[in-house]
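Data block for start-v1.cif (mmCIF, C-alpha atoms):
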data_model
#
loop_
_atom_site.group_PDB
_atom_site.id
_atom_site.type_symbol
_atom_site.label_atom_id
_atom_site.label_comp_id
_atom_site.auth_asym_id
_atom_site.auth_seq_id
_atom_site.Cartn_x
_atom_site.Cartn_y
_atom_site.Cartn_z
ATOM 1 C CA MET A 1 14.086 1.450 14.499
ATOM 2 C CA LYS A 2 13.098 -1.863 12.881
ATOM 3 C CA PHE A 3 10.263 -1.773 10.315
ATOM 4 C CA LEU A 4 8.298 -4.606 8.766
ATOM 5 C CA TYR A 5 6.494 -3.681 5.550
ATOM 6 C CA ALA A 6 4.093 -5.675 3.368
ATOM 7 C CA SER A 7 1.233 -4.942 1.001
ATOM 8 C CA ASP A 8 -1.593 -6.682 -0.843
ATOM 9 C CA LEU A 9 -2.447 -9.408 1.676
ATOM 10 C CA HIS A 10 -6.047 -9.366 0.338
ATOM 11 C CA GLY A 11 -7.575 -10.961 3.424
ATOM 12 C CA GLU A 12 -5.449 -14.122 3.176
ATOM 13 C CA ILE A 13 -5.213 -15.377 6.765
ATOM 14 C CA TYR A 14 -2.097 -17.497 6.166
ATOM 15 C CA LEU A 15 -0.244 -14.385 4.947
ATOM 16 C CA TYR A 16 -1.234 -12.492 8.082
ATOM 17 C CA GLN A 17 -0.069 -15.412 10.206
ATOM 18 C CA GLU A 18 3.307 -15.377 8.450
ATOM 19 C CA LEU A 19 3.435 -11.625 9.021
ATOM 20 C CA LEU A 20 3.009 -12.167 12.753
ATOM 21 C CA GLU A 21 5.729 -14.823 12.798
ATOM 22 C CA LEU A 22 8.065 -12.490 10.926
ATOM 23 C CA ALA A 23 7.320 -9.660 13.357
ATOM 24 C CA ARG A 24 8.396 -11.931 16.198
ATOM 25 C CA SER A 25 11.530 -13.314 14.541
ATOM 26 C CA SER A 26 12.716 -9.925 13.252
ATOM 27 C CA SER A 27 11.961 -8.009 16.484
ATOM 28 C CA ALA A 28 10.093 -5.418 14.415
ATOM 29 C CA GLU A 29 8.912 -2.365 16.328
ATOM 30 C CA ILE A 30 6.601 -1.120 13.581
ATOM 31 C CA ILE A 31 4.432 -2.878 10.998
ATOM 32 C CA ALA A 32 3.298 -0.872 7.978
ATOM 33 C CA LEU A 33 0.772 -2.256 5.472
ATOM 34 C CA GLY A 34 0.506 -0.611 2.080
ATOM 35 C CA GLY A 35 -3.094 -1.319 1.112
ATOM 36 C CA ASP A 36 -5.360 -4.094 -0.176
ATOM 37 C CA LEU A 37 -5.683 -5.445 3.348
ATOM 38 C CA LEU A 38 -9.171 -6.931 2.944
ATOM 39 C CA PRO A 39 -10.716 -9.798 0.924
ATOM 40 C CA SER A 40 -11.303 -8.669 -2.642
ATOM 41 C CA PHE A 41 -14.239 -10.906 -3.512
ATOM 42 C CA PRO A 42 -16.890 -12.355 -1.201
ATOM 43 C CA PRO A 43 -17.760 -16.053 -1.463
ATOM 44 C CA THR A 44 -20.861 -15.079 -3.469
ATOM 45 C CA LYS A 45 -18.666 -13.293 -6.070
ATOM 46 C CA ARG A 46 -21.205 -10.450 -5.985
ATOM 47 C CA TYR A 47 -19.882 -6.909 -5.754
ATOM 48 C CA GLU A 48 -22.939 -6.032 -3.673
ATOM 49 C CA ASP A 49 -21.632 -8.321 -0.912
ATOM 50 C CA MET A 50 -18.084 -6.935 -0.892
ATOM 51 C CA ILE A 51 -18.366 -4.472 1.988
ATOM 52 C CA PRO A 52 -20.408 -6.741 4.304
ATOM 53 C CA ASN A 53 -17.857 -9.501 3.716
ATOM 54 C CA GLN A 54 -14.952 -7.148 4.421
ATOM 55 C CA LYS A 55 -16.627 -5.975 7.647
ATOM 56 C CA ILE A 56 -16.980 -9.580 8.803
ATOM 57 C CA PHE A 57 -13.269 -10.130 8.110
ATOM 58 C CA ILE A 58 -12.381 -6.994 10.084
ATOM 59 C CA ASP A 59 -14.502 -7.986 13.089
ATOM 60 C CA GLN A 60 -13.712 -11.683 13.193
ATOM 61 C CA PHE A 61 -10.048 -11.648 12.212
ATOM 62 C CA LEU A 62 -8.237 -8.406 11.430
ATOM 63 C CA LEU A 63 -8.868 -6.314 14.559
ATOM 64 C CA PRO A 64 -8.182 -9.275 16.885
ATOM 65 C CA PHE A 65 -5.035 -9.950 14.834
ATOM 66 C CA PHE A 66 -3.786 -6.381 15.270
ATOM 67 C CA LYS A 67 -4.399 -6.538 19.019
ATOM 68 C CA ARG A 68 -2.568 -9.873 19.247
ATOM 69 C CA ALA A 69 0.388 -8.479 17.278
ATOM 70 C CA ILE A 70 0.784 -5.611 19.723
ATOM 71 C CA ARG A 71 0.281 -7.856 22.744
ATOM 72 C CA THR A 72 2.633 -10.703 21.770
ATOM 73 C CA THR A 73 5.490 -9.012 19.846
ATOM 74 C CA ASP A 74 7.760 -5.974 20.075
ATOM 75 C CA VAL A 75 5.434 -4.135 17.665
ATOM 76 C CA ARG A 76 3.888 -1.031 19.198
ATOM 77 C CA GLN A 77 2.424 0.642 16.135
ATOM 78 C CA LEU A 78 0.713 -0.554 12.958
ATOM 79 C CA PHE A 79 0.388 1.967 10.139
ATOM 80 C CA LEU A 80 -2.295 1.363 7.511
ATOM 81 C CA ILE A 81 -3.447 2.793 4.206
ATOM 82 C CA PRO A 82 -6.229 1.385 2.004
ATOM 83 C CA GLY A 83 -5.749 -0.090 -1.449
ATOM 84 C CA ASN A 84 -8.030 0.030 -4.462
ATOM 85 C CA TRP A 85 -9.971 -3.071 -3.300
ATOM 86 C CA ASP A 86 -10.478 -1.885 0.300
ATOM 87 C CA LEU A 87 -13.956 -0.376 0.061
ATOM 88 C CA GLY A 88 -14.669 -1.373 3.673
ATOM 89 C CA TYR A 89 -11.501 0.313 5.008
ATOM 90 C CA PRO A 90 -13.252 3.068 7.059
ATOM 91 C CA TYR A 91 -14.907 0.349 9.180
ATOM 92 C CA LEU A 92 -11.469 -0.530 10.591
ATOM 93 C CA PHE A 93 -11.634 2.689 12.584
ATOM 94 C CA LYS A 94 -15.186 2.464 13.915
ATOM 95 C CA ALA A 95 -13.601 2.439 17.360
ATOM 96 C CA PRO A 96 -10.010 3.308 18.347
ATOM 97 C CA VAL A 97 -7.560 0.427 18.736
ATOM 98 C CA GLU A 98 -4.391 1.362 20.600
ATOM 99 C CA GLY A 99 -1.398 1.343 18.272
ATOM 100 C CA VAL A 100 -3.401 1.013 15.022
ATOM 101 C CA ILE A 101 -2.949 4.207 12.995
ATOM 102 C CA ASP A 102 -4.810 5.334 9.882
ATOM 103 C CA LEU A 103 -2.197 6.926 7.604
ATOM 104 C CA ASN A 104 -4.626 7.685 4.759
ATOM 105 C CA ARG A 105 -3.406 11.104 3.466
ATOM 106 C CA LYS A 106 -1.962 11.782 6.905
ATOM 107 C CA ILE A 107 1.454 12.313 8.470
ATOM 108 C CA TYR A 108 2.846 10.781 11.649
ATOM 109 C CA ARG A 109 6.023 11.725 13.491
ATOM 110 C CA LEU A 110 7.912 8.831 15.082
ATOM 111 C CA ARG A 111 9.771 9.099 18.361
ATOM 112 C CA ASN A 112 13.126 9.121 16.529
ATOM 113 C CA GLY A 113 12.075 12.201 14.544
ATOM 114 C CA TYR A 114 11.344 10.414 11.263
ATOM 115 C CA GLU A 115 7.971 11.100 9.641
ATOM 116 C CA ILE A 116 5.654 8.789 7.670
ATOM 117 C CA VAL A 117 3.141 10.013 5.084
ATOM 118 C CA GLY A 118 0.456 7.791 3.518
ATOM 119 C CA TYR A 119 -1.413 8.032 0.210
ATOM 120 C CA PRO A 120 -3.768 5.332 -1.165
ATOM 121 C CA PHE A 121 -4.981 6.326 -4.641
ATOM 122 C CA VAL A 122 -3.838 4.544 -7.804
ATOM 123 C CA PRO A 123 -4.241 5.490 -11.478
ATOM 124 C CA PRO A 124 -7.364 3.988 -13.091
ATOM 125 C CA THR A 125 -7.350 0.194 -13.362
ATOM 126 C CA PRO A 126 -9.599 -2.111 -15.448
ATOM 127 C CA PHE A 127 -11.331 -3.213 -12.198
ATOM 128 C CA ARG A 128 -14.783 -2.063 -11.081
ATOM 129 C CA PRO A 129 -14.223 -0.656 -7.551
ATOM 130 C CA LYS A 130 -13.291 3.015 -7.921
ATOM 131 C CA ASP A 131 -13.210 4.496 -4.406
ATOM 132 C CA TYR A 132 -9.410 4.659 -4.371
ATOM 133 C CA GLU A 133 -8.721 5.361 -8.040
ATOM 134 C CA LYS A 134 -8.024 8.739 -9.644
ATOM 135 C CA ARG A 135 -6.589 10.026 -12.873
ATOM 136 C CA ASP A 136 -2.835 10.517 -12.613
ATOM 137 C CA ASP A 137 -3.104 13.982 -14.188
ATOM 138 C CA PRO A 138 -5.390 15.482 -16.857
ATOM 139 C CA GLU A 139 -3.243 14.135 -19.716
ATOM 140 C CA SER A 140 -2.091 10.646 -18.654
ATOM 141 C CA PRO A 141 -3.690 7.704 -20.485
ATOM 142 C CA TRP A 142 -5.823 5.133 -18.672
ATOM 143 C CA PRO A 143 -7.087 1.690 -19.685
ATOM 144 C CA PRO A 144 -10.596 0.840 -20.923
ATOM 145 C CA GLN A 145 -13.102 0.786 -18.079
ATOM 146 C CA LYS A 146 -15.910 -1.585 -17.161
ATOM 147 C CA ASN A 147 -19.294 0.091 -17.123
ATOM 148 C CA PRO A 148 -20.903 0.090 -14.652
ATOM 149 C CA SER A 149 -18.244 0.396 -11.992
ATOM 150 C CA TYR A 150 -18.908 0.953 -8.272
ATOM 151 C CA ILE A 151 -18.228 3.286 -5.361
ATOM 152 C CA ARG A 152 -19.471 3.182 -1.756
ATOM 153 C CA ALA A 153 -22.823 4.856 -1.261
ATOM 154 C CA SER A 154 -21.340 6.383 1.929
ATOM 155 C CA ASP A 155 -18.943 5.533 4.757
ATOM 156 C CA GLN A 156 -21.961 4.598 6.870
ATOM 157 C CA SER A 157 -23.562 2.319 4.276
ATOM 158 C CA ASP A 158 -22.737 -1.176 3.015
ATOM 159 C CA GLU A 159 -24.367 -0.398 -0.324
ATOM 160 C CA LEU A 160 -22.525 0.325 -3.545
ATOM 161 C CA THR A 161 -23.533 2.895 -6.121
ATOM 162 C CA ALA A 162 -23.204 2.023 -9.811
ATOM 163 C CA ILE A 163 -21.339 4.688 -11.776
ATOM 164 C CA ASP A 164 -20.124 5.450 -15.254
ATOM 165 C CA PRO A 165 -16.360 5.228 -14.576
ATOM 166 C CA TYR A 166 -15.418 7.699 -17.293
ATOM 167 C CA LEU A 167 -17.720 10.410 -15.965
ATOM 168 C CA TYR A 168 -16.819 9.651 -12.342
ATOM 169 C CA LEU A 169 -13.041 9.711 -12.781
ATOM 170 C CA ARG A 170 -13.151 12.916 -14.810
ATOM 171 C CA SER A 171 -15.180 14.569 -12.037
ATOM 172 C CA GLN A 172 -12.574 13.827 -9.344
ATOM 173 C CA GLU A 173 -9.341 15.572 -8.401
ATOM 174 C CA THR A 174 -6.202 14.026 -9.872
ATOM 175 C CA ILE A 175 -3.363 12.266 -8.065
ATOM 176 C CA GLN A 176 -1.218 15.230 -9.085
ATOM 177 C CA GLU A 177 -3.547 17.623 -7.237
ATOM 178 C CA ASP A 178 -3.742 15.314 -4.214
ATOM 179 C CA LEU A 179 0.027 14.968 -3.827
ATOM 180 C CA ASP A 180 0.371 18.744 -3.797
ATOM 181 C CA GLN A 181 -2.057 18.831 -0.837
ATOM 182 C CA LEU A 182 -0.406 16.146 1.303
ATOM 183 C CA PRO A 183 0.894 17.189 4.733
ATOM 184 C CA LYS A 184 4.407 18.599 4.468
ATOM 185 C CA PRO A 185 7.157 16.830 6.447
ATOM 186 C CA LEU A 186 9.955 18.756 8.114
ATOM 187 C CA SER A 187 12.839 17.044 6.292
ATOM 188 C CA PRO A 188 12.855 14.790 3.186
ATOM 189 C CA GLU A 189 15.971 13.028 4.501
ATOM 190 C CA ARG A 190 13.893 11.769 7.437
ATOM 191 C CA THR A 191 10.610 11.054 5.623
ATOM 192 C CA VAL A 192 9.040 7.803 4.419
ATOM 193 C CA TYR A 193 6.094 7.832 1.998
ATOM 194 C CA ILE A 194 3.784 4.824 1.835
ATOM 195 C CA THR A 195 1.685 4.794 -1.353
ATOM 196 C CA HIS A 196 -0.335 1.928 -2.763
ATOM 197 C CA SER A 197 0.751 2.707 -6.314
ATOM 198 C CA PRO A 198 4.395 2.303 -7.308
ATOM 199 C CA PRO A 199 6.083 4.976 -9.431
ATOM 200 C CA PHE A 200 5.876 4.624 -13.205
ATOM 201 C CA ALA A 201 8.587 3.065 -15.405
ATOM 202 C CA THR A 202 10.623 1.580 -12.567
ATOM 203 C CA ARG A 203 11.484 -1.943 -11.467
ATOM 204 C CA LEU A 204 8.460 -1.744 -9.143
ATOM 205 C CA ASP A 205 5.513 -1.407 -11.538
ATOM 206 C CA GLN A 206 6.001 -4.050 -14.218
ATOM 207 C CA ILE A 207 3.035 -6.143 -15.358
ATOM 208 C CA GLN A 208 2.923 -8.940 -17.923
ATOM 209 C CA GLY A 209 4.755 -7.988 -21.093
ATOM 210 C CA LYS A 210 7.003 -5.829 -18.870
ATOM 211 C CA LYS A 211 4.673 -2.882 -19.346
ATOM 212 C CA SER A 212 4.495 -0.218 -16.647
ATOM 213 C CA ALA A 213 1.327 0.398 -14.630
ATOM 214 C CA GLY A 214 2.486 2.804 -11.943
ATOM 215 C CA SER A 215 1.910 6.499 -11.385
ATOM 216 C CA ARG A 216 3.758 9.044 -13.522
ATOM 217 C CA THR A 217 2.820 11.843 -11.140
ATOM 218 C CA LEU A 218 4.147 9.915 -8.144
ATOM 219 C CA LYS A 219 7.490 9.389 -9.861
ATOM 220 C CA THR A 220 7.742 13.119 -10.560
ATOM 221 C CA PHE A 221 6.831 13.826 -6.930
ATOM 222 C CA ILE A 222 9.606 11.530 -5.684
ATOM 223 C CA GLU A 223 12.113 13.064 -8.098
ATOM 224 C CA SER A 224 11.226 16.509 -6.799
ATOM 225 C CA HIS A 225 11.031 15.810 -3.044
ATOM 226 C CA GLN A 226 13.715 13.094 -2.647
ATOM 227 C CA PRO A 227 12.544 11.404 0.582
ATOM 228 C CA ILE A 228 14.859 8.814 2.090
ATOM 229 C CA LEU A 229 12.425 5.976 1.327
ATOM 230 C CA THR A 230 9.145 5.219 -0.428
ATOM 231 C CA LEU A 231 7.143 2.005 0.056
ATOM 232 C CA HIS A 232 4.639 0.646 -2.476
ATOM 233 C CA GLY A 233 2.483 -2.300 -3.535
ATOM 234 C CA HIS A 234 -0.430 -2.803 -5.979
ATOM 235 C CA ILE A 235 1.564 -4.533 -8.744
ATOM 236 C CA HIS A 236 1.946 -7.989 -7.208
ATOM 237 C CA GLU A 237 4.117 -9.560 -9.874
ATOM 238 C CA SER A 238 6.636 -6.771 -10.457
ATOM 239 C CA PRO A 239 9.576 -8.136 -8.366
ATOM 240 C CA LYS A 240 9.314 -11.463 -10.166
ATOM 241 C CA LEU A 241 9.227 -9.818 -13.607
ATOM 242 C CA SER A 242 11.872 -7.150 -12.998
ATOM 243 C CA GLY A 243 14.154 -9.260 -10.818
ATOM 244 C CA SER A 244 14.193 -6.669 -8.039
ATOM 245 C CA PHE A 245 12.016 -5.392 -5.210
ATOM 246 C CA SER A 246 13.788 -2.008 -5.136
ATOM 247 C CA ASP A 247 14.839 0.871 -7.322
ATOM 248 C CA ARG A 248 16.424 4.272 -6.911
ATOM 249 C CA ILE A 249 14.850 7.539 -8.029
ATOM 250 C CA GLY A 250 17.656 10.005 -7.539
ATOM 251 C CA LYS A 251 18.719 9.566 -3.902
ATOM 252 C CA THR A 252 15.398 7.959 -2.901
ATOM 253 C CA LEU A 253 15.212 4.229 -2.280
ATOM 254 C CA SER A 254 11.833 2.871 -3.444
ATOM 255 C CA ILE A 255 10.557 -0.616 -2.550
ATOM 256 C CA ASN A 256 7.681 -2.826 -3.689
ATOM 257 C CA PRO A 257 7.943 -6.273 -2.040
ATOM 258 C CA GLY A 258 5.253 -7.697 -4.359
ATOM 259 C CA GLN A 259 2.828 -10.419 -3.307
ATOM 260 C CA LEU A 260 2.121 -13.682 -5.095
ATOM 261 C CA ILE A 261 -1.046 -14.988 -3.436
ATOM 262 C CA SER A 262 -0.863 -18.732 -2.530
ATOM 263 C CA ARG A 263 2.900 -18.481 -1.985
ATOM 264 C CA LYS A 264 5.160 -17.383 0.834
ATOM 265 C CA LEU A 265 4.664 -13.931 2.320
ATOM 266 C CA HIS A 266 6.408 -11.158 0.411
ATOM 267 C CA ALA A 267 7.623 -8.574 2.933
ATOM 268 C CA VAL A 268 10.608 -6.395 3.678
ATOM 269 C CA THR A 269 12.331 -5.613 6.975
ATOM 270 C CA PHE A 270 14.703 -2.682 7.428
ATOM 271 C CA GLU A 271 16.110 -0.158 9.862
ATOM 272 C CA ILE A 272 14.497 3.171 9.045
ATOM 273 C CA GLU A 273 17.707 5.080 9.783
ATOM 274 C CA ASN A 274 19.539 3.213 7.007
ATOM 275 C CA PRO A 275 17.131 1.292 4.754
ATOM 276 C CA GLY A 276 19.605 0.978 1.883
ATOM 277 C CA LYS A 277 22.004 -1.115 3.939
ATOM 278 C CA THR A 278 19.490 -3.073 6.017
ATOM 279 C CA SER A 279 16.566 -3.958 3.702
ATOM 280 C CA LYS A 280 15.883 -7.678 3.482
ATOM 281 C CA HIS A 281 13.155 -9.413 1.486
ATOM 282 C CA THR A 282 11.518 -12.557 2.839
ATOM 283 C CA TYR A 283 10.928 -14.325 -0.458
ATOM 284 C CA LEU A 284 13.912 -13.091 -2.441
ATOM 285 C CA PRO A 285 16.831 -13.429 -0.003
ATOM 286 C CA ASP A 286 19.146 -14.765 -2.700
ATOM 287 C CA ILE A 287 18.940 -11.652 -4.881
ATOM 288 C CA ILE A 288 22.105 -9.583 -4.589
ATOM 289 C CA ASP A 289 20.438 -6.245 -5.201
ATOM 290 C CA ASP A 290 22.813 -3.751 -6.780
ATOM 291 C CA ILE A 291 20.313 -0.994 -6.058
ATOM 292 C CA LEU A 292 20.440 -1.641 -2.295
ATOM 293 C CA ASN A 293 24.211 -1.912 -2.365
ATOM 294 C CA LYS A 294 24.627 1.560 -3.825
ATOM 295 C CA LYS A 295 24.112 3.189 -0.445
#
Translate this file's structure into structure tokens.
Amino acid sequence: MKFLYASDLHGEIYLYQELLELARSSSAEIIALGGDLLPSFPPTKRYEDMIPNQKIFIDQFLLPFFKRAIRTTDVRQLFLIPGNWDLGYPYLFKAPVEGVIDLNRKIYRLRNGYEIVGYPFVPPTPFRPKDYEKRDDPESPWPPQKNPSYIRASDQSDELTAIDPYLYLRSQETIQEDLDQLPKPLSPERTVYITHSPPFATRLDQIQGKKSAGSRTLKTFIESHQPILTLHGHIHESPKLSGSFSDRIGKTLSINPGQLISRKLHAVTFEIENPGKTSKHTYLPDIIDDILNKK
């Protein structure tokens, strides 16, 4: 079963158009998007206008795009999770769209017996939106925060609520607690996890200075559960800095295609039954990836 995976398109229409072209040329049956689907900043640059602007993008472009993808390609299902900038994400599901599936902390069984599990939260960032951020665990460090930061007033409201990020994050469950509560798949060897955050201290989470910004808890989770494949995003520049879009954690193949806005689409295609042998990156086709060639 042919998959097409990308993340961090941030409302850039040209990236979505390239995604559609790639779906056609690759004969993908499934598109999965790993978060940060929507425009990060409105034209006004005001946080207060973020959700209304994202809702306009959803109505005028994204939902019609999804319907066109299903109508004009071999794609029959699109799996989505939100990213840390996607405060307007719930609006995507105001009405059902055939083939568009919310994978936010949910599990879905494919017709070939493989299962997909989605998880959106990332460890605290220096950015102000906090709806999809949580502490990794009670002990992990996190960067200085901007005060005030913001969360949605409610799923039914376009308004944001100003918060003290330190008090807010300490009041929430941790990523560690969340991962323990995710739906349990039948078999790790036939399970794919899609998480916005990459695992910590891998070739998938490097920021400038080659520091790591991924999730420690997620890495431990992967080490323990050993799914066949995990798909990530969030750290746009990591493949460029590390020289690879993939890594192995035990037997698990983990992929972050990256995304350098204003350049060519970063995406990966693969056959879910054998991702290690079939994974191909759009922007980095010349990399002979020793990680992929191990299995």
(message) Just checking: using all atoms listed in the file, which residue out of A:Ile56, A:Met1, A:His281, A:Phe61 ends up closest to Gln17 (chain A)?
(response) A:Phe61
Quick one: 5 Å padding each side, axis-aligned, all listed atoms of region 77-82 of chain A - centre and edge lengths in Å to one decimal, as JSON?
{"center_x": -1.9, "center_y": 1.1, "center_z": 9.1, "size_x": 18.7, "size_y": 13.3, "size_z": 24.1}
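Of the residues under consideration (A:Pro227, A:Pro185, A:Gly233, A:Pro52), A:Pro227 shows the shortest atom-to-atom contact distance to Arg248 (chain A) when counting only C-alpha atoms.
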(request) Would you translate the PyMOL selection byres ((chain A and resi 10) around 8) into the concrete set of residues it matches in this file, as a list of chain:residue names? (result) A:Asp8, A:Leu9, A:Gly11, A:Glu12, A:Asp36, A:Leu37, A:Leu38, A:Pro39, A:Ser40
(request) Run the PyMOL selection byres ((chain A and resi 249-258) around 6) on the file and write out the hits as a VMD selection string. (result) chain A and resid 204 226 to 233 236 to 237 239 245 to 248 259 266 to 267
(request) For region 125-130 of chain A, please output as an NGL selection string all residues within 6 Å (counting all atoms listed in the file; exclusion window: fewer than 2 positions along the same chain). (result) :A and (132-133 or 145 or 149-151)
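Each of A:Leu33, A:Glu159, A:Pro124, A:Glu223 was checked against Pro143 (chain A) using all atoms listed in the file; the smallest atom-to-atom distance is that of A:Pro124.
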Kindly provide the residues of region 93-161 of chain A that approach region 177-182 of chain A to within 12 Å, each paired with its closest atom pair and their distance in Å to one decimal, based on all atoms listed in the file, listed by chain and increasing number, as a tab-separated table.
residue	atom	partner	partner_atom	distance
A:Leu103	CA	A:Leu182	CA	11.3
A:Asn104	CA	A:Leu182	CA	10.1
A:Arg105	CA	A:Leu182	CA	6.3
A:Lys106	CA	A:Leu182	CA	7.3
A:Ile107	CA	A:Leu182	CA	8.3
A:Ile116	CA	A:Leu182	CA	11.5
A:Val117	CA	A:Leu182	CA	8.0
A:Gly118	CA	A:Leu182	CA	8.7
A:Tyr119	CA	A:Leu179	CA	8.2
A:Pro120	CA	A:Asp178	CA	10.4
A:Phe121	CA	A:Asp178	CA	9.1
A:Val122	CA	A:Asp178	CA	11.4
A:Glu133	CA	A:Asp178	CA	11.8
A:Lys134	CA	A:Asp178	CA	9.5
A:Arg135	CA	A:Glu177	CA	9.9
A:Asp136	CA	A:Glu177	CA	8.9
A:Asp137	CA	A:Glu177	CA	7.9
A:Pro138	CA	A:Glu177	CA	10.0
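Taking CA of Pro199 (chain A) and CA of Pro82 (chain A) as the two end points, the separation is 17.2 Å.
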